[in-house]
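Shown next: upload-v6.txt, given as compact mmCIF, C-alpha atoms (C1' of nucleotides).
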```
# COMPACT_ATOMS: atom_id res chain seq x y z
CA MET A 42 9.16 -19.91 18.95
CA ASN A 43 6.59 -19.58 16.29
CA ALA A 44 4.81 -16.49 15.36
CA GLN A 45 2.31 -18.98 14.26
CA PHE A 46 0.02 -17.93 11.54
CA VAL A 47 -2.62 -19.62 9.53
CA GLU A 48 -2.83 -19.10 5.82
CA LEU A 49 -6.21 -19.59 4.26
CA PRO A 50 -7.09 -19.12 0.61
CA ILE A 51 -10.04 -16.97 -0.30
CA SER A 52 -11.61 -17.59 -3.65
CA THR A 53 -13.23 -14.64 -5.31
CA ARG A 54 -14.36 -13.86 -8.80
CA ALA A 55 -11.09 -12.04 -9.18
CA GLY A 56 -9.00 -15.02 -8.21
CA LYS A 57 -7.72 -16.78 -5.17
CA PHE A 58 -6.34 -14.55 -2.48
CA LEU A 59 -4.28 -15.75 0.39
CA ALA A 60 -5.16 -14.48 3.83
CA ARG A 61 -2.68 -14.83 6.63
CA PHE A 62 -3.99 -14.80 10.14
CA SER A 63 -2.10 -14.45 13.35
CA LYS A 64 -3.52 -15.02 16.76
CA LYS A 65 -4.48 -11.39 16.92
CA GLY A 66 -6.18 -11.00 13.59
CA LEU A 67 -5.62 -10.64 9.91
CA ALA A 68 -1.92 -10.10 9.45
CA GLY A 69 -1.58 -10.24 5.70
CA LEU A 70 -3.30 -10.64 2.40
CA ASP A 71 -1.76 -11.63 -0.89
CA PHE A 72 -3.03 -11.10 -4.40
CA PRO A 73 -3.75 -14.05 -6.61
CA ASN A 74 -0.57 -15.34 -8.12
CA GLU A 75 -0.86 -17.51 -11.13
CA LYS A 76 2.80 -18.18 -11.52
CA ALA A 77 3.23 -18.94 -7.86
CA LEU A 78 -0.17 -19.99 -6.68
CA VAL A 79 0.91 -20.72 -3.19
CA VAL A 80 -1.35 -23.14 -1.47
CA PRO A 81 -0.62 -23.10 2.20
CA LYS A 82 0.41 -26.34 3.67
CA ARG A 83 -0.22 -26.53 7.34
CA SER A 84 1.80 -29.05 9.22
CA LYS A 85 -1.12 -29.57 11.49
CA ASP A 86 -4.24 -29.01 9.57
CA GLY A 87 -6.55 -29.92 12.35
CA PRO A 88 -6.63 -27.17 14.90
CA ILE A 89 -7.77 -23.94 13.33
CA PRO A 90 -9.08 -21.75 16.11
CA ALA A 91 -12.73 -20.86 15.79
CA GLU A 92 -11.77 -17.24 16.09
CA ILE A 93 -9.56 -17.43 13.02
CA ARG A 94 -12.23 -19.24 11.09
CA LYS A 95 -14.59 -16.44 11.89
CA TRP A 96 -12.08 -13.87 10.72
CA HIS A 97 -11.56 -15.89 7.61
CA ARG A 98 -15.25 -15.77 6.85
CA VAL A 99 -15.45 -12.06 7.55
CA THR A 100 -12.42 -11.41 5.39
CA GLU A 101 -13.92 -13.38 2.58
CA VAL A 102 -17.12 -11.38 2.78
CA VAL A 103 -15.18 -8.15 2.88
CA LEU A 104 -13.17 -9.06 -0.18
CA LYS A 105 -16.17 -10.12 -2.19
CA LYS A 106 -18.11 -7.04 -1.19
CA ILE A 107 -15.37 -4.68 -2.21
CA LEU A 108 -14.82 -6.55 -5.45
CA ALA A 109 -18.53 -6.20 -6.05
CA GLY A 110 -18.37 -2.49 -5.37
CA HIS A 111 -20.04 -2.51 -1.99
CA GLU A 112 -18.55 -1.32 1.22
CA PRO A 113 -18.42 -4.11 3.82
CA LYS A 114 -20.15 -3.56 7.10
CA GLU A 115 -17.64 -5.31 9.29
CA PHE A 116 -13.92 -5.88 9.15
CA PRO A 117 -11.87 -8.55 10.84
CA PRO A 118 -9.36 -7.41 13.42
CA LEU A 119 -6.10 -6.43 11.80
CA ASP A 120 -2.76 -7.42 13.20
CA LEU A 121 -0.50 -5.04 11.39
CA GLY A 122 3.14 -4.79 12.31
CA GLY A 123 5.45 -2.17 10.92
CA THR A 124 6.50 1.20 12.19
CA GLU A 125 4.29 3.77 13.85
CA PHE A 126 4.50 5.86 10.74
CA GLN A 127 3.24 3.04 8.61
CA LYS A 128 0.41 2.29 10.99
CA SER A 129 -0.58 5.95 10.89
CA VAL A 130 -0.67 5.81 7.12
CA TRP A 131 -2.71 2.62 7.05
CA ASN A 132 -5.09 4.04 9.58
CA ALA A 133 -5.60 7.08 7.43
CA LEU A 134 -6.08 4.87 4.40
CA ARG A 135 -8.90 3.00 6.04
CA LYS A 136 -10.83 6.24 6.37
CA ILE A 137 -11.17 6.47 2.62
CA ALA A 138 -14.68 5.48 1.69
CA LEU A 139 -15.26 3.03 -1.10
CA GLY A 140 -15.60 4.70 -4.45
CA LYS A 141 -13.57 7.70 -3.35
CA THR A 142 -9.95 8.51 -3.79
CA LYS A 143 -7.30 10.53 -2.05
CA SER A 144 -3.88 11.68 -3.02
CA TYR A 145 -0.66 10.71 -1.30
CA GLY A 146 -0.40 14.33 -0.27
CA GLU A 147 -3.79 14.14 1.43
CA ILE A 148 -2.71 11.11 3.39
CA ALA A 149 0.57 12.73 4.31
CA THR A 150 -1.28 15.78 5.57
CA ALA A 151 -3.77 13.62 7.43
CA ILE A 152 -1.04 12.02 9.50
CA GLY A 153 0.66 15.33 10.14
CA ARG A 154 3.57 14.87 7.77
CA PRO A 155 2.51 16.85 4.69
CA LYS A 156 5.96 16.62 3.19
CA ALA A 157 6.30 12.91 3.69
CA VAL A 158 4.32 12.11 0.60
CA ARG A 159 7.03 9.82 -0.59
CA ALA A 160 7.26 8.02 2.69
CA VAL A 161 3.50 7.58 2.49
CA GLY A 162 3.96 5.85 -0.81
CA GLY A 163 6.51 3.61 0.79
CA ALA A 164 4.15 2.81 3.63
CA CYS A 165 1.45 1.95 1.15
CA GLY A 166 3.80 -0.42 -0.56
CA ALA A 167 4.54 -2.00 2.78
CA ASN A 168 0.85 -2.43 3.44
CA PRO A 169 0.40 -6.13 4.25
CA VAL A 170 -3.33 -6.07 3.75
CA PRO A 171 -4.26 -4.52 0.42
CA ILE A 172 -7.92 -3.90 -0.46
CA LEU A 173 -8.95 -4.01 3.19
CA VAL A 174 -6.56 -1.14 3.64
CA PRO A 175 -7.48 0.65 0.44
CA CYS A 176 -4.06 1.55 -0.82
CA HIS A 177 -5.50 1.29 -4.31
CA ARG A 178 -7.70 4.31 -3.65
CA VAL A 179 -4.69 6.50 -3.25
CA LEU A 180 -3.72 8.36 -6.38
CA ALA A 181 -1.02 10.87 -7.12
CA ALA A 182 -1.75 14.58 -6.96
CA ASN A 183 -2.66 14.85 -10.64
CA ASN A 184 -5.04 11.94 -10.34
CA LYS A 185 -2.42 9.77 -11.89
CA LEU A 186 -2.41 6.16 -10.85
CA GLY A 187 1.01 6.22 -9.30
CA GLY A 188 2.15 2.72 -8.51
CA PHE A 189 0.94 -0.45 -6.94
CA SER A 190 2.74 -3.37 -5.37
CA GLY A 191 0.21 -5.91 -6.56
CA GLY A 192 0.54 -4.60 -10.07
CA LEU A 193 -0.75 -1.44 -11.61
CA ASP A 194 -3.27 -3.43 -13.56
CA TRP A 195 -4.85 -4.51 -10.31
CA LYS A 196 -5.12 -0.95 -9.16
CA ARG A 197 -6.98 0.04 -12.29
CA GLY A 198 -9.29 -2.93 -12.02
CA LEU A 199 -10.09 -2.30 -8.38
CA LEU A 200 -10.82 1.35 -8.97
CA LYS A 201 -13.02 0.54 -11.88
CA ARG A 202 -14.99 -1.95 -9.81
CA GLU A 203 -15.64 0.77 -7.28
CA GLY A 204 -17.06 2.97 -9.96
CA ILE A 205 -14.15 5.35 -10.05
CA ASN A 206 -13.65 6.93 -13.40
CA LEU A 207 -10.04 6.79 -14.44
CA PRO A 208 -8.64 10.09 -15.70
CA SER A 209 -6.74 8.30 -18.44
CA THR A 210 -9.76 7.99 -20.65
CA GLY A 211 -11.83 10.67 -19.12
C1' DC B 88 26.48 6.04 11.26
C1' DC B 89 26.28 6.93 6.15
C1' DC B 90 24.38 6.02 1.56
C1' DA B 91 20.85 4.82 -1.77
C1' DC B 92 16.09 4.05 -2.99
C1' DA B 93 10.84 4.89 -3.16
C1' DA B 94 3.57 3.66 -5.06
C1' DG B 95 5.34 11.99 -4.70
C1' DT B 96 4.90 16.91 -5.55
C1' DC B 97 6.02 21.41 -7.18
C1' DG B 98 8.36 24.62 -10.30
C1' DC B 99 10.63 25.78 -14.49
C1' DT B 100 11.32 25.43 -19.45
C1' DA C 261 5.11 17.31 -21.91
C1' DG C 262 9.77 16.78 -20.11
C1' DC C 263 13.34 17.47 -16.53
C1' DG C 264 15.15 18.64 -12.05
C1' DA C 265 14.97 19.88 -7.10
C1' DC C 266 13.20 19.11 -2.57
C1' DT C 267 11.53 16.24 1.35
C1' DT C 268 10.67 12.20 4.63
C1' DG C 269 10.92 7.34 5.90
C1' DT C 270 12.89 2.77 5.15
C1' DG C 271 16.47 -0.61 4.10
C1' DG C 272 21.23 -2.11 3.38
C1' DG C 273 26.32 -1.77 4.28
```
Rewrite the structure of this file - the entire thing - as structure tokens.
Amino acid sequence: MNAQFVELPISTRAGKFLARFSKKGLAGLDFPNEKALVVPKRSKDGPIPAEIRKWHRVTEVVLKKILAGHEPKEFPPLDLGGTEFQKSVWNALRKIALGKTKSYGEIATAIGRPKAVRAVGGACGANPVPILVPCHRVLAANNKLGGFSGGLDWKRGLLKREGINLPSTG
DNA sequence: CCCACAAGTCGCT
DNA sequence: AGCGACTTGTGGG
């Protein structure tokens, strides 16, 4: 009846994120939203499974580490839905080391669909867990920023935090 | 099933 | 630098 999920805010120096956990793991992560700072209201606030609390802690650490420019040692389990294609893309995305970038074409080639660069972009946009799945490290072929669901400004900021020199100024 | 759109990429001018 | 063509996957009607 209920694909029950628990939404827990994660405060970072970049703002308050909103992590959404299912029973299987981290199912979603939202960027800080000033205009619609959604504070989750749980009907039953009491029972938060210990497992989820652990994931919450791990997720918080991961976020803060990445925002600080350090690659986290451990990730929470991810419960990502979507199509097989999207999962393939996200899986490829996670292989990108912090501080490094890849192009959409590289990702497309990595999953065996070198021509599906555009579909890759779509899959990135459908990525429910940004930052953990480093969609922001994916640039266009000319090292252009491309786009970003959470806002292009976020993408620039994230890349800069990871020590990536943006081609715009360089 | 058919049509339109998308976080791209390459080639030409 | 600007414009168009090509391609694949997803979403809506």
To one decimal place in Å, what is the distance between atom CA of A:Pro88 and atom CA of A:Gly66?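 Going from atom CA of A:Pro88 over to atom CA of A:Gly66 covers 16.2 Å.
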Residues of chain C within 9 Å of chain A, counting all atoms listed in the file - could you list those as a PyMOL selection string? chain C and resi 267-270
Using all atoms listed in the file, list the residues that have an atom at most 10 Å from (3.9, 14.0, -5.7), coordinates as in the file, as a list in words.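 Here is the list of nearby residues: Ser144, Tyr145, Gly146, Lys156, Ala157, Val158, Arg159, Gly162, Leu180, Ala181, Ala182, Asn183, Lys185 and Gly187 of chain A; DG95, DT96 and DC97 of chain B.
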What does the structure give for the distance between atom CA of A:Thr100 and atom CA of A:Lys128, in Å to one decimal? 19.6 Å
Can you tell me how far atom CA of A:Gly56 sits from atom CA of A:Leu108, in Å to one decimal?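 Taking atom CA of A:Gly56 as the start and atom CA of A:Leu108 as the end point, the length is 10.6 Å.
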Taking 3 positions as the minimum chain separation for residues in the same chain, which residues sit within 7 Å of A:Ala68 when counting only C-alpha atoms (C1' of nucleotides)? Answer as a PDB file with C-alpha atoms, in the coordinates of the input.
```pdb
ATOM      1  CA  ARG A  61      -2.680 -14.830   6.630  1.00  0.00           C
ATOM      2  CA  PHE A  62      -3.990 -14.800  10.140  1.00  0.00           C
ATOM      3  CA  SER A  63      -2.100 -14.450  13.350  1.00  0.00           C
ATOM      4  CA  LEU A 119      -6.100  -6.430  11.800  1.00  0.00           C
ATOM      5  CA  ASP A 120      -2.760  -7.420  13.200  1.00  0.00           C
ATOM      6  CA  LEU A 121      -0.500  -5.040  11.390  1.00  0.00           C
ATOM      7  CA  PRO A 169       0.400  -6.130   4.250  1.00  0.00           C
TER       8      PRO A 169
END
```
Tell me which of A:His177, A:Arg197, A:Arg135, A:Arg54 sits closest to chain B, counting all atoms listed in the file.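 Checking each candidate against chain B, we get A:His177 as the closest.
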Would you mind listing what lies within 12 Å of B:DC99 as a PyMOL selection string, with all atoms listed in the file counted and same-chain residues fewer than 6 positions away left out? chain C and resi 262-265
Centre and edge lengths of an axis-aligned box around all listed atoms of stretch 92-99 of chain B, with 3 Å added on each side, are to be given in Å to one decimal, as lines of an AutoDock Vina configuration file.
```
center_x = 9.8
center_y = 14.7
center_z = -8.7
size_x = 18.5
size_y = 28.1
size_z = 17.5
```
All residues 12 Å or closer to C:DG272, all atoms listed in the file, same chain fewer than 2 positions away omitted, as a ChimeraX atom specification: /B:89-92 /C:270
Output file for the residues above (C-alpha atoms (C1' of nucleotides), as a short mmCIF file (atom, residue, chain, number, x, y, z; two decimals), in the coordinates of the input):
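The resulting file, again38.cif, is shown below:
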```cif
data_model
loop_
_atom_site.label_atom_id
_atom_site.label_comp_id
_atom_site.auth_asym_id
_atom_site.auth_seq_id
_atom_site.Cartn_x
_atom_site.Cartn_y
_atom_site.Cartn_z
"C1'" DC B 89 26.28 6.93 6.15
"C1'" DC B 90 24.38 6.02 1.56
"C1'" DA B 91 20.85 4.82 -1.77
"C1'" DC B 92 16.09 4.05 -2.99
"C1'" DT C 270 12.89 2.77 5.15
#
```
Between A:Leu67, A:Cys165, A:Leu49, A:Ile148, which is the closest to chain B once you count only C-alpha atoms (C1' of nucleotides)?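 Closest residue, counting only C-alpha atoms (C1' of nucleotides): A:Cys165.
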Between A:Gly198, A:Gly204, A:Gly122, A:Gly191, which is the closest to chain B once you count only C-alpha atoms (C1' of nucleotides)?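 Answer, going by the shortest atom-to-atom distance: A:Gly191.
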